[in-house]
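Here the structure is laid out as structure tokens; the discussion comes afterwards.
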Amino acid sequence: MKVAKLFSGIADILIAYCVGHCSLLGTAPFGTAIIGAGSACGRSPWMLLLGLLGAFFEQGGFEKQGQMIYPLIWVMAAVLVRVRKLQLLYPRSFLLSVLVGLETIVLQIGAAFWLPGAIGIPLACAEGALVFSFMLAYCFSYRNLSGDKLLFLTDTQTMLAVLILATTVLAGMPVQLGGVVEVLASVCLFTIFYISYRFGFSAGVSWAAISGAIYALRADDMQMLAAWVFLAVLVNGLTEFLHIGRYGSILIFVASDCLLGYFAFPQMLSEAGIKAIATAVFVLFFLPGRLFVQVRTQGDAMALSGAEWGKLTLSRVRSFSDALKRIDYTFAGTEGQRIGFSQIGTMLEDFTKQLDSPVAMRKDAETAIVSELGRMGVHVKSLTLLKAQNGRYQLYADARVGRGRLVGAEAVRKIASKETGIPFEIGEDSRQMVGRSYDLVILNQKPAFRIQTAARRLSCQEDVISGDNFYIGNLKNGQALLMIADGMGNGVQAAKDSEALLSAVEELVMTGFEQEMAVRLVNAYLAEKNKGEHFTTLDMLLLDLYTGVGHLVKYGAATTYVCRGNWMECIKSTSLPVGVMEDAGCECSSKKYYAGDLIVMVSDGVLDSILFENKDDYMHTLLEALKDEEPETVVEAVIQDIRSVCGKRLKDDATIIVCKVMKNL
């Protein structure tokens, strides 16, 4: 922290020192603007003042009576923006700039009456206007550089402000230091390479033209403007074509400089030119590699293209269609009557609402992901962040590797999680390796909760298959689905009915149907097909692992128990089973679950085997003693205890599911 603060102070001194050498129309508004903007944006006003006084002393300002007013203007500007009563104006750069501009006008007008050689009233008003304008620009620059460092790539106003600050610093930078070090030329060459390498062709060539123009005016050598523009174009073209890294690009930079100097611009191979390129390359070689992360912005290209987005949507629609076909085949059979959907329009509308929506990613996070992957040789064509209705995020990265080894999707996951602040995990449908051709790496937000489960399915007769069935699974949208289906009676037919019901409901819920709609749809099929002769109870819990909210749907099912500490809730059902009536209703319960909650779902066979009048009190006592145990232990203990009280002979087929909600670490 102390080292960072030291470097920050040194940077403030150097910037102020360079800006302090600039003047315009006989005035010096840049120094006042830089100390006002720096102070308003949290920089050290004393470091800035030290740099300005260094430039002021070097130019002999203390010996000129008309210039003596400037140290007072700078101190007053720093104090003015630091006044506590003006802190509410800090976010308002415009108002602060107006205040500093007015302060400059007032002090300069006062100096016109008291100091010989002052600039006069007309120029005092002009300087105040210039201070206002440049301070406003410098405030934009400082806020960008201290926050989202890459905002200037997409925001025109901020880009212009950054260019104004950079141009002012270059314009006041010494051409030489002690007649030995080529300061201005070295800085120009360094920044031309850095901006070209990191931000791409357009930014590099544009900056080469700006810095070349400043150097040409300062050194009275207009050919250097053309030379540096040619250098930027040549280096950018070769590095883009060859796809080489930082050090290879630096070698190309040196070689191009030498070739241009030998064939077209001899100034580049003069003593001053060689010193400049040597100094710039020395700094480039020894700067940390993290500062050279390449950034390539392509506007709307950073979102999935229409074709790619269409593929994702079509994939989900096909999944929806396939689910309907499987449901139809399961319940109607190959020769059975096909049952139409009277509410197909409503269901499709509900389905489309469940498609994830693209959301805007923070520009700094988006650029950082692309840049970090670029360092690893991964070229990102597009990044798309989707947000589902339950707040879950998904990130689609369309990427490929250039030359070199393959990169695992795990590397993409780590970078995306770090830069966005969203804990991601690799999706089931994702590519596990980034290959030579563009393909999607799919990242899903890591759920806040996870579950531990255990289940048992028992038959009341040893030689007859149980008519119960259960399902436990995690859906792709970050939800856990737990179901128990109890077919009518025992044996093969009951088992087929319960299995078919679970399979159908699973298909629809996984496709995106709401629970209640999915069960109603299946109920309509069964009621039409079986004419009320076969029916099945259904107990279904859909638990959102991101929010902890669970939706319980019951069609004639047995009681579900929710244990939390010493408290237990019993959720009962009085509705008809699935398949009895086409428009049969159901019980629905929604509640928030927390880490440590124990959810116990059972079929009728479990409760029927308890030979006590108050079965809920018995379950409460039994589960309270097991609340801290693992689900597997709870299941075994419940089965053993019930077998002991019913004479080891169950009254009906029995199924139990125990689910423990846990925090996802």
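Ordered as shown in the structure tokens, chains take letters A, B, and onward, while each chain numbers its residues from 1 and ligands are numbered from 1 in the order shown.
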Checklist entry - Residues at most 10 Å from range 33-36 of chain A, counting only C-alpha atoms, excluding those fewer than 2 positions away in the same chain, as a PyMOL selection string? => result chain A and resi 12+15-16+19-20+28-31+38-41+43-49+51-52+73-82+96-97+99-101+104+128+130-139+142+165
Checklist entry - What residues in range 379-451 of chain A get the DSSP label helix (DSSP H, G or I)? Please answer as a list in words. => result Ala409, Glu410, Ala411, Val412, Arg413, Lys414, Ile415, Ala416, Ser417, Lys418, Glu419 and Thr420 of chain A
Checklist entry - Looking at A:Val180, A:Val169, A:Leu482, A:Leu508, which one is nearest to Met601 in chain A, with distances taken over only C-alpha atoms? => result A:Leu482
Item to check | Polymer residues at most 10 Å from Gly550 in chain A, only C-alpha atoms, same-chain spacing of 4 or more positions, as a ChimeraX atom specification | outcome: /A:479-481,541-545,589-593
Checklist entry - Of the candidates A:Leu287, A:Gln176, A:Asn236, A:Ile214, which one gets nearest to Ala272 in chain A if we count only C-alpha atoms? => result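 Nearest to Ala272 in chain A: A:Gln176.
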Checklist entry - range 28-276 of chain A: which residues are strand (DSSP E) by DSSP, as a count of residues only? => result 4
Checklist entry - Expressed in Å to a single decimal, how great is the separation between CA of Leu234 in chain A and CA of Leu259 in chain A? => result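 According to the coordinates, CA of Leu234 in chain A and CA of Leu259 in chain A are separated by 10.5 Å.
Here the question is which of A:Leu50, A:Asp486, A:Ala397, A:Leu383 gets nearest to Ile10 in chain A using only C-alpha atoms, and that residue is A:Leu50.
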Next on the checklist: With distances taken over only C-alpha atoms, which residue among A:Val380, A:Ile571, A:Ala185, A:Leu251 lies nearest Val412 in chain A?
Outcome noted: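 The shortest atom-to-atom distance to Val412 in chain A comes from A:Val380.
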Checklist entry - How many Å separate CA of Gly478 in chain A from CA of Val441 in chain A? => result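 Atom-to-atom, CA of Gly478 in chain A to CA of Val441 in chain A, that is 17.5 Å.
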Item to check | Gln445 in chain A environment, 9 Å, only C-alpha atoms, sequence neighbours closer than 2 positions dropped, as a list in words | outcome: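 The residues satisfying every condition are Arg392, Tyr393, Gln394, Leu395, Ser417, Ile422, Pro423, Phe424, Glu425, Ile426, Leu443, Pro447, Gly478 and Tyr546 of chain A.
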Emit the selected residues as a PDB file, in the first residue's frame, including N, CA and C atoms.
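As written to disk, part.pdb reads:
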```pdb
ATOM      1  N   ARG A 392     -30.453 -16.158 -11.789  1.00  0.00           N
ATOM      2  CA  ARG A 392     -29.247 -16.930 -12.116  1.00  0.00           C
ATOM      3  C   ARG A 392     -28.604 -16.379 -13.379  1.00  0.00           C
ATOM      4  N   TYR A 393     -27.270 -16.280 -13.352  1.00  0.00           N
ATOM      5  CA  TYR A 393     -26.521 -15.786 -14.502  1.00  0.00           C
ATOM      6  C   TYR A 393     -25.870 -16.938 -15.263  1.00  0.00           C
ATOM      7  N   GLN A 394     -25.807 -16.771 -16.574  1.00  0.00           N
ATOM      8  CA  GLN A 394     -25.058 -17.670 -17.440  1.00  0.00           C
ATOM      9  C   GLN A 394     -24.166 -16.826 -18.339  1.00  0.00           C
ATOM     10  N   LEU A 395     -22.959 -17.322 -18.572  1.00  0.00           N
ATOM     11  CA  LEU A 395     -22.032 -16.618 -19.453  1.00  0.00           C
ATOM     12  C   LEU A 395     -21.661 -17.525 -20.611  1.00  0.00           C
ATOM     13  N   SER A 417     -15.033 -15.649 -13.299  1.00  0.00           N
ATOM     14  CA  SER A 417     -15.484 -15.512 -11.905  1.00  0.00           C
ATOM     15  C   SER A 417     -14.766 -14.365 -11.210  1.00  0.00           C
ATOM     16  N   ILE A 422     -18.952 -13.013 -10.027  1.00  0.00           N
ATOM     17  CA  ILE A 422     -19.998 -14.040  -9.981  1.00  0.00           C
ATOM     18  C   ILE A 422     -19.325 -15.407  -9.930  1.00  0.00           C
ATOM     19  N   PRO A 423     -19.606 -16.237  -8.916  1.00  0.00           N
ATOM     20  CA  PRO A 423     -18.979 -17.567  -8.873  1.00  0.00           C
ATOM     21  C   PRO A 423     -19.576 -18.489  -9.932  1.00  0.00           C
ATOM     22  N   PHE A 424     -18.813 -18.762 -10.974  1.00  0.00           N
ATOM     23  CA  PHE A 424     -19.291 -19.598 -12.067  1.00  0.00           C
ATOM     24  C   PHE A 424     -18.789 -21.028 -11.913  1.00  0.00           C
ATOM     25  N   GLU A 425     -19.504 -21.948 -12.560  1.00  0.00           N
ATOM     26  CA  GLU A 425     -19.058 -23.315 -12.738  1.00  0.00           C
ATOM     27  C   GLU A 425     -19.334 -23.715 -14.177  1.00  0.00           C
ATOM     28  N   ILE A 426     -18.600 -24.697 -14.674  1.00  0.00           N
ATOM     29  CA  ILE A 426     -18.724 -25.090 -16.076  1.00  0.00           C
ATOM     30  C   ILE A 426     -20.036 -25.832 -16.289  1.00  0.00           C
ATOM     31  N   LEU A 443     -20.833 -21.142 -19.000  1.00  0.00           N
ATOM     32  CA  LEU A 443     -20.600 -21.068 -17.561  1.00  0.00           C
ATOM     33  C   LEU A 443     -21.907 -20.734 -16.854  1.00  0.00           C
ATOM     34  N   PRO A 447     -24.684 -22.193  -7.573  1.00  0.00           N
ATOM     35  CA  PRO A 447     -25.816 -21.978  -6.660  1.00  0.00           C
ATOM     36  C   PRO A 447     -25.348 -21.635  -5.247  1.00  0.00           C
ATOM     37  N   GLY A 478     -30.379 -24.876 -12.366  1.00  0.00           N
ATOM     38  CA  GLY A 478     -30.011 -24.671 -10.972  1.00  0.00           C
ATOM     39  C   GLY A 478     -31.101 -25.006  -9.991  1.00  0.00           C
ATOM     40  N   TYR A 546     -30.519 -21.405  -5.974  1.00  0.00           N
ATOM     41  CA  TYR A 546     -29.955 -20.055  -5.935  1.00  0.00           C
ATOM     42  C   TYR A 546     -30.617 -19.210  -4.851  1.00  0.00           C
TER      43      TYR A 546
END
```
